[in-house]
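> Next comes structure.tsv, TSV, C-alpha atoms:
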```
chain	number	residue	atom	x	y	z
D	1	MET	CA	44.30	69.09	48.20
D	2	ARG	CA	41.68	66.96	49.95
D	3	PHE	CA	38.55	65.51	48.33
D	4	LEU	CA	35.57	64.23	50.31
D	5	PHE	CA	32.88	62.14	48.63
D	6	ILE	CA	29.49	61.77	50.33
D	7	ALA	CA	27.08	59.16	48.95
D	8	PRO	CA	24.66	56.41	50.04
D	9	ARG	CA	27.34	53.80	49.24
D	10	TYR	CA	30.68	53.42	47.49
D	11	HIS	CA	29.56	52.37	44.03
D	12	THR	CA	31.78	50.53	41.56
D	13	ASN	CA	31.32	53.37	39.09
D	14	GLN	CA	33.52	55.50	41.38
D	15	ILE	CA	36.50	53.13	41.37
D	16	GLY	CA	38.24	54.67	38.36
D	17	VAL	CA	37.59	58.19	39.65
D	18	ILE	CA	38.96	57.44	43.12
D	19	ARG	CA	42.02	55.63	41.72
D	20	ASN	CA	42.80	58.61	39.52
D	21	LEU	CA	42.37	61.24	42.25
D	22	LYS	CA	44.45	59.29	44.77
D	23	LYS	CA	47.49	59.60	42.51
D	24	LYS	CA	47.69	63.33	43.35
D	25	TYR	CA	45.32	64.08	46.23
D	26	LYS	CA	44.03	62.87	49.58
D	27	VAL	CA	40.62	61.25	49.12
D	28	PHE	CA	37.97	60.35	51.72
D	29	PHE	CA	34.58	58.69	51.28
D	30	ASN	CA	31.58	58.98	53.60
D	31	ALA	CA	28.92	56.30	52.94
D	32	ILE	CA	25.62	55.56	54.67
D	33	TYR	CA	25.88	51.80	54.12
D	34	LYS	CA	27.96	49.08	52.47
D	35	GLY	CA	26.96	46.90	49.53
D	36	LYS	CA	27.41	43.14	49.31
D	37	ILE	CA	30.11	42.82	46.64
D	38	GLU	CA	31.88	46.19	46.66
D	39	ASP	CA	35.66	46.43	46.34
D	40	TYR	CA	37.32	48.40	49.14
D	41	SER	CA	40.92	47.80	48.13
D	42	LEU	CA	41.34	51.43	47.02
D	43	ILE	CA	39.48	53.22	49.78
D	44	LYS	CA	37.55	52.26	52.90
D	45	PRO	CA	34.46	54.46	53.34
D	46	PHE	CA	33.75	55.75	56.83
D	47	HIS	CA	30.29	55.79	58.39
D	48	ILE	CA	28.87	58.39	60.76
D	49	LYS	CA	26.20	57.05	63.10
D	50	GLN	CA	22.61	58.01	62.46
D	51	SER	CA	20.98	60.87	64.33
D	52	ASN	CA	18.30	59.85	66.82
D	53	LEU	CA	16.01	62.44	65.25
D	54	SER	CA	16.50	60.75	61.89
D	55	LYS	CA	15.45	57.42	63.43
D	56	ILE	CA	12.29	59.02	64.83
D	57	ILE	CA	11.43	60.53	61.42
D	58	GLU	CA	11.84	57.10	59.83
D	59	ILE	CA	9.39	55.60	62.33
D	60	ILE	CA	6.85	58.38	61.76
D	61	PHE	CA	6.89	58.16	57.96
D	62	LYS	CA	7.37	54.36	57.80
D	63	THR	CA	9.43	54.57	54.63
D	64	LYS	CA	10.24	51.38	52.72
D	65	ASN	CA	13.71	52.68	52.00
D	66	LYS	CA	14.85	53.99	55.36
D	67	LYS	CA	18.08	55.39	54.02
D	68	ILE	CA	16.16	58.07	52.14
D	69	LEU	CA	15.52	59.81	55.49
D	70	PHE	CA	18.93	59.15	56.97
D	71	PHE	CA	21.08	61.95	58.30
D	72	PRO	CA	24.04	61.70	60.67
D	73	ASN	CA	24.61	62.75	64.23
D	74	ILE	CA	25.36	66.42	63.56
D	75	LEU	CA	28.02	66.92	66.23
D	76	GLU	CA	29.90	63.76	65.23
D	77	CYS	CA	29.62	64.75	61.57
D	78	TYR	CA	31.05	68.21	62.25
D	79	ARG	CA	33.99	66.79	64.20
D	80	LYS	CA	34.77	64.24	61.48
D	81	PHE	CA	34.61	66.75	58.64
D	82	GLU	CA	36.62	69.29	60.64
D	83	LYS	CA	39.32	66.67	61.16
D	84	ILE	CA	39.45	65.85	57.44
D	85	LYS	CA	39.40	69.52	56.37
D	86	PRO	CA	38.30	68.82	52.78
D	87	ASP	CA	39.00	71.41	50.11
D	88	VAL	CA	36.34	69.94	47.80
D	89	ALA	CA	33.26	67.91	48.71
D	90	ILE	CA	31.34	65.97	46.05
D	91	ILE	CA	27.91	65.20	47.47
D	92	ARG	CA	25.60	62.68	45.80
D	93	LEU	CA	22.03	64.00	45.89
D	94	TYR	CA	20.13	61.16	47.49
D	95	GLY	CA	17.07	62.15	49.50
D	96	ARG	CA	17.11	65.68	50.87
D	97	LEU	CA	18.29	65.31	54.47
D	98	ASN	CA	21.78	63.83	54.44
D	99	PRO	CA	23.09	65.86	51.45
D	100	TYR	CA	21.95	69.23	52.77
D	101	ILE	CA	22.82	68.70	56.42
D	102	SER	CA	26.29	67.61	55.30
D	103	ALA	CA	26.50	70.63	52.98
D	104	ILE	CA	25.61	73.06	55.79
D	105	ILE	CA	28.43	71.66	57.95
D	106	LEU	CA	30.89	71.79	55.05
D	107	ARG	CA	29.85	75.34	54.22
D	108	LEU	CA	30.78	76.34	57.78
D	109	LEU	CA	34.16	74.72	57.18
D	110	ARG	CA	34.56	76.74	53.95
D	111	THR	CA	34.71	73.65	51.74
D	112	LYS	CA	33.96	73.98	48.02
D	113	ILE	CA	30.71	72.08	47.47
D	114	ILE	CA	29.73	70.17	44.34
D	115	PHE	CA	26.38	68.41	44.20
D	116	TYR	CA	26.52	65.27	42.09
D	117	GLU	CA	23.68	63.60	40.20
D	118	GLN	CA	23.57	60.81	37.64
D	119	ALA	CA	21.14	62.66	35.40
D	120	PRO	CA	21.35	64.04	31.85
D	121	ASN	CA	23.01	67.45	31.89
D	122	ASP	CA	20.10	69.05	30.01
D	123	LEU	CA	17.51	67.64	32.48
D	124	SER	CA	15.76	65.99	29.54
D	125	HIS	CA	14.54	63.23	31.85
D	126	LEU	CA	12.24	65.82	33.43
D	127	LYS	CA	11.04	67.62	30.31
D	128	LYS	CA	7.71	65.77	30.33
D	129	LYS	CA	7.28	66.25	34.07
D	130	ARG	CA	6.76	70.01	34.28
D	131	PHE	CA	6.33	70.22	38.05
D	132	LYS	CA	9.48	68.20	38.74
D	133	LEU	CA	11.42	70.25	36.20
D	134	ILE	CA	10.36	73.53	37.83
D	135	PHE	CA	11.24	72.11	41.26
D	136	LYS	CA	14.68	71.02	40.02
D	137	ILE	CA	15.43	74.47	38.55
D	138	ILE	CA	14.45	76.13	41.83
D	139	GLU	CA	16.54	73.61	43.77
D	140	LEU	CA	19.61	74.20	41.59
D	141	LYS	CA	19.35	77.97	41.99
D	142	LEU	CA	18.87	77.68	45.77
D	143	GLN	CA	21.84	75.31	46.05
D	144	ASN	CA	24.03	77.77	44.25
D	145	TYR	CA	22.76	80.75	46.27
D	146	VAL	CA	22.94	79.15	49.73
D	147	PHE	CA	26.11	77.06	49.32
D	148	ASN	CA	27.83	78.84	46.42
D	149	SER	CA	27.89	75.35	44.95
D	150	LEU	CA	28.19	73.73	41.55
D	151	TRP	CA	26.13	70.91	40.05
D	152	MET	CA	27.94	68.08	38.30
D	153	THR	CA	26.93	65.05	36.25
D	154	PRO	CA	28.84	62.32	34.35
D	155	LEU	CA	26.01	62.10	31.78
D	156	LYS	CA	26.32	64.62	28.96
D	157	LYS	CA	23.59	64.74	26.34
D	158	ASN	CA	23.22	68.31	25.06
D	159	ASN	CA	24.08	71.78	26.35
D	160	PHE	CA	23.74	72.38	30.07
D	161	PHE	CA	20.43	73.59	31.41
D	162	PHE	CA	21.97	75.39	34.37
D	163	LYS	CA	24.98	77.71	34.05
D	164	ASN	CA	26.61	76.67	37.36
D	165	SER	CA	26.89	73.05	36.25
D	166	PHE	CA	29.47	70.97	34.45
D	167	PHE	CA	30.31	67.55	33.05
D	168	LEU	CA	32.86	65.29	34.75
D	169	PRO	CA	33.17	61.93	32.94
D	170	PHE	CA	33.60	58.47	34.35
D	171	VAL	CA	37.03	56.84	34.31
D	172	VAL	CA	37.77	53.21	33.41
D	173	ASP	CA	40.83	51.10	32.65
D	174	ILE	CA	41.57	51.17	28.94
D	175	LYS	CA	43.03	48.16	27.15
D	176	LYS	CA	43.19	47.30	23.47
D	177	ASN	CA	42.13	43.68	23.35
D	178	ILE	CA	42.42	41.82	20.06
D	179	ARG	CA	40.00	38.89	19.89
D	180	SER	CA	39.30	36.19	17.36
D	181	THR	CA	35.56	35.84	16.64
D	182	LYS	CA	35.79	32.09	16.08
D	183	ASN	CA	34.09	31.32	19.41
D	184	PHE	CA	31.81	34.34	19.85
D	185	LYS	CA	30.79	35.10	23.43
D	186	ILE	CA	28.30	37.59	24.89
D	187	LEU	CA	28.68	39.03	28.39
D	188	ILE	CA	25.89	40.30	30.69
D	189	ILE	CA	26.57	41.80	34.14
D	190	GLY	CA	23.88	42.88	36.62
D	191	LYS	CA	21.89	42.05	39.72
D	192	PHE	CA	19.18	39.43	39.41
D	193	GLN	CA	16.21	41.77	39.65
D	194	GLU	CA	13.31	42.66	37.34
D	195	ARG	CA	14.76	46.05	36.39
D	196	LYS	CA	17.89	44.42	34.98
D	197	SER	CA	15.74	42.61	32.36
D	198	ILE	CA	17.97	39.53	32.23
D	199	TYR	CA	14.90	37.38	31.52
D	200	LEU	CA	14.14	39.53	28.45
D	201	ALA	CA	17.71	38.98	27.27
D	202	LEU	CA	17.30	35.21	27.69
D	203	LYS	CA	14.23	35.21	25.45
D	204	SER	CA	16.14	37.15	22.83
D	205	LEU	CA	19.17	34.85	23.01
D	206	LYS	CA	16.90	31.81	22.63
D	207	LYS	CA	15.55	33.18	19.35
D	208	LEU	CA	19.03	33.92	18.02
D	209	LYS	CA	20.38	30.46	18.90
D	210	GLU	CA	18.34	29.13	16.00
D	211	LYS	CA	20.51	31.16	13.56
D	212	TYR	CA	23.95	31.57	15.15
D	213	LYS	CA	26.50	29.75	17.26
D	214	PHE	CA	27.60	31.69	20.33
D	215	LYS	CA	27.87	31.38	24.09
D	216	THR	CA	26.73	33.76	26.85
D	217	THR	CA	28.00	34.42	30.36
D	218	ILE	CA	25.72	36.12	32.89
D	219	ILE	CA	27.39	37.49	36.03
D	220	GLY	CA	24.90	38.64	38.66
D	221	GLU	CA	24.40	39.44	42.30
D	222	VAL	CA	22.04	37.32	44.39
D	223	SER	CA	21.89	38.86	47.86
D	224	THR	CA	18.18	39.23	48.66
D	225	LYS	CA	15.07	37.05	48.56
D	226	LYS	CA	13.79	38.86	45.46
D	227	HIS	CA	17.16	38.43	43.76
D	228	LYS	CA	16.97	34.69	44.37
D	229	GLU	CA	13.42	34.46	43.01
D	230	TYR	CA	14.42	36.21	39.80
D	231	TYR	CA	17.60	34.13	39.53
D	232	LEU	CA	15.57	30.90	39.81
D	233	LYS	CA	13.15	32.19	37.17
D	234	CYS	CA	16.06	32.75	34.78
D	235	LYS	CA	17.64	29.41	35.66
D	236	LYS	CA	14.34	27.64	34.99
D	237	PHE	CA	14.09	29.27	31.55
D	238	ILE	CA	17.61	28.10	30.64
D	239	ILE	CA	16.87	24.51	31.70
D	240	GLU	CA	13.45	24.32	30.03
D	241	ASN	CA	14.86	25.59	26.74
D	242	ASN	CA	17.96	23.34	26.78
D	243	LEU	CA	20.35	26.27	26.89
D	244	ASN	CA	22.66	24.90	29.62
D	245	ASN	CA	25.56	24.44	27.21
D	246	GLU	CA	25.14	27.89	25.70
D	247	ILE	CA	24.37	30.09	28.71
D	248	LYS	CA	26.39	30.09	31.93
D	249	ILE	CA	25.39	31.94	35.11
D	250	ILE	CA	27.92	33.04	37.75
D	251	THR	CA	26.65	34.62	40.97
D	252	ASN	CA	28.19	36.97	43.54
D	253	LEU	CA	31.57	37.24	41.84
D	254	LYS	CA	33.97	39.76	43.37
D	255	TYR	CA	34.56	42.89	41.33
D	256	LYS	CA	38.25	42.17	40.69
D	257	LYS	CA	37.38	38.79	39.19
D	258	THR	CA	34.46	40.18	37.19
D	259	ILE	CA	36.61	42.57	35.18
D	260	ASN	CA	38.67	39.64	33.81
D	261	PHE	CA	35.65	38.47	31.81
D	262	TYR	CA	35.80	41.46	29.49
D	263	LYS	CA	39.03	40.11	28.00
D	264	ASN	CA	37.64	36.90	26.52
D	265	HIS	CA	34.13	38.01	25.56
D	266	HIS	CA	33.17	39.80	22.37
D	267	LEU	CA	29.91	41.66	22.91
D	268	PHE	CA	28.63	43.33	26.07
D	269	LEU	CA	24.88	43.37	26.61
D	270	LEU	CA	23.13	45.54	29.21
D	271	PRO	CA	19.38	44.82	28.93
D	272	SER	CA	18.45	46.90	32.01
D	273	THR	CA	15.52	49.30	32.23
D	274	ASN	CA	16.11	52.76	33.75
D	275	GLU	CA	19.71	51.97	34.64
D	276	PRO	CA	21.03	55.21	36.22
D	277	ALA	CA	24.72	54.98	35.32
D	278	SER	CA	26.12	51.56	34.47
D	279	ILE	CA	29.91	51.43	34.80
D	280	SER	CA	30.07	47.88	33.40
D	281	LEU	CA	28.93	49.24	30.04
D	282	LEU	CA	31.84	51.72	30.07
D	283	GLU	CA	34.33	49.12	31.33
D	284	ALA	CA	33.38	47.01	28.33
D	285	ILE	CA	34.05	49.93	25.98
D	286	GLY	CA	37.36	50.45	27.79
D	287	ASN	CA	38.18	46.84	26.96
D	288	SER	CA	37.55	47.40	23.23
D	289	MET	CA	34.13	45.72	23.22
D	290	PRO	CA	31.11	46.69	21.13
D	291	VAL	CA	28.11	47.20	23.41
D	292	ILE	CA	24.31	47.18	23.54
D	293	CYS	CA	22.09	48.98	26.06
D	294	SER	CA	18.52	50.29	26.33
D	295	ASP	CA	17.31	53.81	25.59
D	296	THR	CA	16.67	54.37	29.31
D	297	CYS	CA	20.24	53.60	30.39
D	298	GLY	CA	21.99	56.69	31.77
D	299	THR	CA	25.36	55.88	30.24
D	300	ARG	CA	23.81	55.42	26.76
D	301	PHE	CA	25.23	58.88	25.97
D	302	TYR	CA	28.65	57.23	25.83
D	303	VAL	CA	27.49	54.67	23.25
D	304	LYS	CA	28.20	55.65	19.63
D	305	SER	CA	26.99	53.96	16.45
D	306	LYS	CA	30.53	53.04	15.38
D	307	PHE	CA	30.72	50.44	18.13
D	308	GLY	CA	27.33	50.21	19.84
D	309	LYS	CA	23.59	49.81	19.52
D	310	ILE	CA	20.71	51.15	21.63
D	311	PHE	CA	17.43	49.23	21.76
D	312	LYS	CA	13.94	50.27	22.84
D	313	THR	CA	13.40	49.48	26.51
D	314	ASP	CA	11.49	46.25	27.22
D	315	ASN	CA	11.13	45.62	23.48
D	316	LEU	CA	12.12	42.04	22.67
D	317	GLN	CA	12.29	42.54	18.91
D	318	SER	CA	14.37	45.71	19.19
D	319	LEU	CA	16.83	43.97	21.50
D	320	THR	CA	17.00	40.92	19.24
D	321	ASN	CA	17.69	43.10	16.20
D	322	CYS	CA	20.61	44.79	17.97
D	323	ILE	CA	22.24	41.50	19.01
D	324	ASN	CA	21.57	40.07	15.55
D	325	TYR	CA	23.45	43.02	13.99
D	326	PHE	CA	26.73	42.09	15.67
D	327	LEU	CA	26.31	38.33	15.18
D	328	LYS	CA	25.57	38.88	11.49
D	329	ASN	CA	28.52	41.24	10.97
D	330	LYS	CA	31.36	39.38	12.67
D	331	LYS	CA	33.59	40.24	9.72
D	332	ASN	CA	33.48	43.87	10.86
D	333	TYR	CA	34.22	43.04	14.50
D	334	LYS	CA	37.80	44.33	14.40
D	335	SER	CA	36.52	47.73	13.27
D	336	TYR	CA	33.87	47.91	16.03
D	337	SER	CA	36.46	46.91	18.62
D	338	ASN	CA	38.98	49.47	17.39
D	339	ASN	CA	36.36	52.23	17.38
D	340	ALA	CA	35.44	51.39	20.98
D	341	HIS	CA	39.11	51.62	21.95
D	342	ILE	CA	39.58	55.01	20.28
D	343	PHE	CA	36.45	56.38	21.96
D	344	ALA	CA	37.59	55.13	25.37
D	345	CYS	CA	41.00	56.76	24.99
D	346	ASN	CA	39.40	60.09	24.13
D	347	ASN	CA	36.48	60.06	26.58
D	348	LEU	CA	36.99	57.60	29.46
D	349	SER	CA	40.65	58.15	30.28
D	350	GLU	CA	42.21	59.71	33.37
D	351	LYS	CA	43.61	62.42	31.11
D	352	ASN	CA	40.13	63.42	29.96
D	353	TYR	CA	38.78	63.39	33.53
D	354	ASN	CA	41.65	65.58	34.75
D	355	PHE	CA	41.06	68.03	31.90
D	356	HIS	CA	37.43	68.56	32.94
D	357	LEU	CA	38.34	68.61	36.64
D	358	LYS	CA	40.93	71.35	36.12
D	359	LYS	CA	38.60	73.32	33.87
D	360	HIS	CA	35.65	73.42	36.26
D	361	VAL	CA	36.86	72.79	39.81
D	362	PHE	CA	40.28	74.37	40.24
```
Please, can you express the file's structure as structure tokens?

Amino acid sequence: MRFLFIAPRYHTNQIGVIRNLKKKYKVFFNAIYKGKIEDYSLIKPFHIKQSNLSKIIEIIFKTKNKKILFFPNILECYRKFEKIKPDVAIIRLYGRLNPYISAIILRLLRTKIIFYEQAPNDLSHLKKKRFKLIFKIIELKLQNYVFNSLWMTPLKKNNFFFKNSFFLPFVVDIKKNIRSTKNFKILIIGKFQERKSIYLALKSLKKLKEKYKFKTTIIGEVSTKKHKEYYLKCKKFIIENNLNNEIKIITNLKYKKTINFYKNHHLFLLPSTNEPASISLLEAIGNSMPVICSDTCGTRFYVKSKFGKIFKTDNLQSLTNCINYFLKNKKNYKSYSNNAHIFACNNLSEKNYNFHLKKHVF
């Protein structure tokens, strides 16, 4: 069986999924662009050149994010997909041009089509936006009618809103790491941009340093001018508050080296606002770490009270209270860690992914 993934880029949250599928199937990945620090050791995404018409549309609408109006050269796309002959195509819904033009071609090739979104399965993120909710329901029904497709998400909150949809979880490496809490260390991973709220985390950590002894490692990407500005802002805060010995920043670390940091850190903190689907949060759980994230993080549905805390987005006191909880209760750390490990085994394993895949796709 052959799987084809179509997405804007090959995101790190797909690494576990691709590794798992490649053990039994042929897997291909079509991406519009490449990121700065992505790991292509498992699979090398292929790119199909942009249609000239797509370029013209971009010029007309003058979009800030040009990739939103991207679609490929149709003839080249057809030839490439025909050569691959995928049995199943998982298409990330990004914009409305590339996903649907690709789906039309794949429908002609009689490929089973699954549209993929990183959104709560009950569409609760749209409940207060009536027009968008109605539009999404119409879109889902049209997708199913035109392409005989399914809709899939890795974010399960409640019961599904749409009957032709299903849950397919993320996959991460699972390791039971036993750590001493003598030298307690907090880990933060994310790009240096406002949405990642690293500066908010720094303010919280500064307050807690007055009560507890701990160190923090921040691993972040700095690949644009805005990234650098935010990085310098964070660096300035650390220097001005004499936190150099307590907080260490590492930039542009390759993915394979990043995952090693889970082993010798105790608490994973994801301060981000509106984070669609953080895989680092789940990798931390897979490495037996208690975790903290905001109430607007997509993967918060994987965080359970036995090993994690969820704080109110952009709320300094709420974040501080959550970090304080784990620093105050170090004596219970072994229990939190063990609970994270048990959850990962049951929910983030290849076995669990394959169960859902077999149930809904085959």
> Can you tell me which residues surround range 283-293 of chain D at a distance of at most 8 Å, considering all atoms listed in the file, apart from same-chain residues fewer than 4 positions away, and format the answer as a compact mmCIF listing (two decimals) with C-alpha atoms, in the frame of the given file?

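Heads up, here's the output in around_5.txt:
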```txt
# COMPACT_ATOMS: atom_id res chain seq x y z
CA VAL D 172 37.77 53.21 33.41
CA ASP D 173 40.83 51.10 32.65
CA ILE D 174 41.57 51.17 28.94
CA LYS D 175 43.03 48.16 27.15
CA LYS D 176 43.19 47.30 23.47
CA ASN D 177 42.13 43.68 23.35
CA ILE D 259 36.61 42.57 35.18
CA TYR D 262 35.80 41.46 29.49
CA LYS D 263 39.03 40.11 28.00
CA HIS D 266 33.17 39.80 22.37
CA LEU D 267 29.91 41.66 22.91
CA PHE D 268 28.63 43.33 26.07
CA LEU D 269 24.88 43.37 26.61
CA LEU D 270 23.13 45.54 29.21
CA PRO D 271 19.38 44.82 28.93
CA SER D 272 18.45 46.90 32.01
CA ILE D 279 29.91 51.43 34.80
CA CYS D 297 20.24 53.60 30.39
CA ARG D 300 23.81 55.42 26.76
CA VAL D 303 27.49 54.67 23.25
CA PHE D 307 30.72 50.44 18.13
CA GLY D 308 27.33 50.21 19.84
CA LYS D 309 23.59 49.81 19.52
CA ILE D 310 20.71 51.15 21.63
CA PHE D 311 17.43 49.23 21.76
CA CYS D 322 20.61 44.79 17.97
CA ILE D 323 22.24 41.50 19.01
CA TYR D 336 33.87 47.91 16.03
CA SER D 337 36.46 46.91 18.62
CA ASN D 338 38.98 49.47 17.39
CA ASN D 339 36.36 52.23 17.38
CA ALA D 340 35.44 51.39 20.98
CA HIS D 341 39.11 51.62 21.95
CA PHE D 343 36.45 56.38 21.96
CA ALA D 344 37.59 55.13 25.37
CA CYS D 345 41.00 56.76 24.99
CA LEU D 348 36.99 57.60 29.46
```
> So how far away is CA of Pro99 in chain D from CA of Ser51 in chain D, in Å?
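For CA of Ser51 in chain D relative to CA of Pro99 in chain D, the distance reads 14.0 Å.
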> Using only C-alpha atoms, which residues of range 242-318 of chain D come within 12 Å of range 104-119 of chain D, and what is the closest atom pair for each, with the distance in Å to one decimal? Give it as a tab-separated table, sorted by chain and residue number.

```
residue	atom	partner	partner_atom	distance
D:Asn274	CA	D:Ala119	CA	11.2
D:Glu275	CA	D:Gln118	CA	10.1
D:Pro276	CA	D:Gln118	CA	6.3
D:Ala277	CA	D:Gln118	CA	6.4
D:Ser278	CA	D:Gln118	CA	10.1
D:Ile279	CA	D:Gln118	CA	11.7
D:Thr296	CA	D:Ala119	CA	11.2
D:Cys297	CA	D:Ala119	CA	10.4
D:Gly298	CA	D:Ala119	CA	7.0
D:Thr299	CA	D:Gln118	CA	9.1
D:Arg300	CA	D:Ala119	CA	11.6
D:Phe301	CA	D:Ala119	CA	11.0
```
> Using the file's own x, y and z axes, so that the box edges lie along x, y and z, what centre and edge lengths in Å (one decimal) does a box around every listed atom of range 288-307 of chain D get when 5 Å is added on each side? Give it as JSON.

```
{"center_x": 27.1, "center_y": 52.3, "center_z": 23.6, "size_x": 30.9, "size_y": 23.2, "size_z": 26.4}
```
> Go ahead and compute the interatomic distance for CA of Asn13 in chain D and CA of Leu150 in chain D, in Å to one decimal.
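Going from CA of Asn13 in chain D over to CA of Leu150 in chain D, I get 20.7 Å.
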> Using Å and a single decimal, report how far CA of Leu42 in chain D sits from CA of Lys22 in chain D.
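One can read the CA of Lys22 in chain D to CA of Leu42 in chain D distance as 8.7 Å.
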> Mind checking which residues fall within 8 Å of Tyr25 in chain D, counting only C-alpha atoms, ignoring those fewer than 5 positions away in the same chain, and posting them as a list in words?
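Answer for this query is Met1, Arg2 and Phe3 of chain D.
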> Which residues are near Ile101 in chain D? Cut-off 9 Å, only C-alpha atoms, ignore same chain within fewer than 6 positions. Put them as a ChimeraX atom specification.
/D:71-72,74
> Which polymer residues have any atom within 6 Å of an atom of range 209-218 of chain D, counting all atoms listed in the file, with same-chain residues fewer than 3 positions away left out, as JSON, numbers by chain?
{"D": [184, 185, 186, 187, 188, 189, 206, 246, 247, 248, 249]}
> Taking into account all atoms listed in the file, which residue in the set D:Ser223, D:Thr251, D:Ser124, D:Asn98 is nearest to Gln50 in chain D?
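Closest residue, counting all atoms listed in the file: D:Asn98.
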> Using all atoms listed in the file, can you tell me which of D:Val222, D:Ile239, D:Leu200, D:Leu168 comes closest to Asn347 in chain D?
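Going through D:Val222, D:Ile239, D:Leu200, D:Leu168 one by one, the smallest distance to Asn347 in chain D is for D:Leu168.
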> Could you give me, as a list in words, the residues within 9 Å of Phe160 in chain D, counting all atoms listed in the file and dropping anything in the same chain fewer than 5 positions from it?
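Result of the neighbour search: Pro120, Asn121, Asp122, Leu123, Ser165, Phe166 and Phe167 of chain D.
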> Quick one: of D:Arg19, D:His47, D:Lys359, D:Arg92, who's nearest to Trp151 in chain D, counting all atoms listed in the file?
D:Arg92
> Name the closest residue to Thr273 in chain D among the candidates D:Lys228, D:Lys128, D:Lys67, D:Arg195; distances are taken between atoms, counting all atoms listed in the file.
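Comparing D:Lys228, D:Lys128, D:Lys67, D:Arg195 against Thr273 in chain D, the winner is D:Arg195.
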> For Ser102 in chain D, which of D:Leu4, D:Leu281, D:Ile15, D:Leu316 is the closest residue, counting all atoms listed in the file?
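That would be D:Leu4, the residue with the smallest distance to Ser102 in chain D.
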> Using all atoms listed in the file, find the one residue out of D:Lys83, D:Lys235, D:Glu38, D:Pro169 that sits nearest to Phe355 in chain D.
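The answer is D:Pro169, which sits nearest to Phe355 in chain D.
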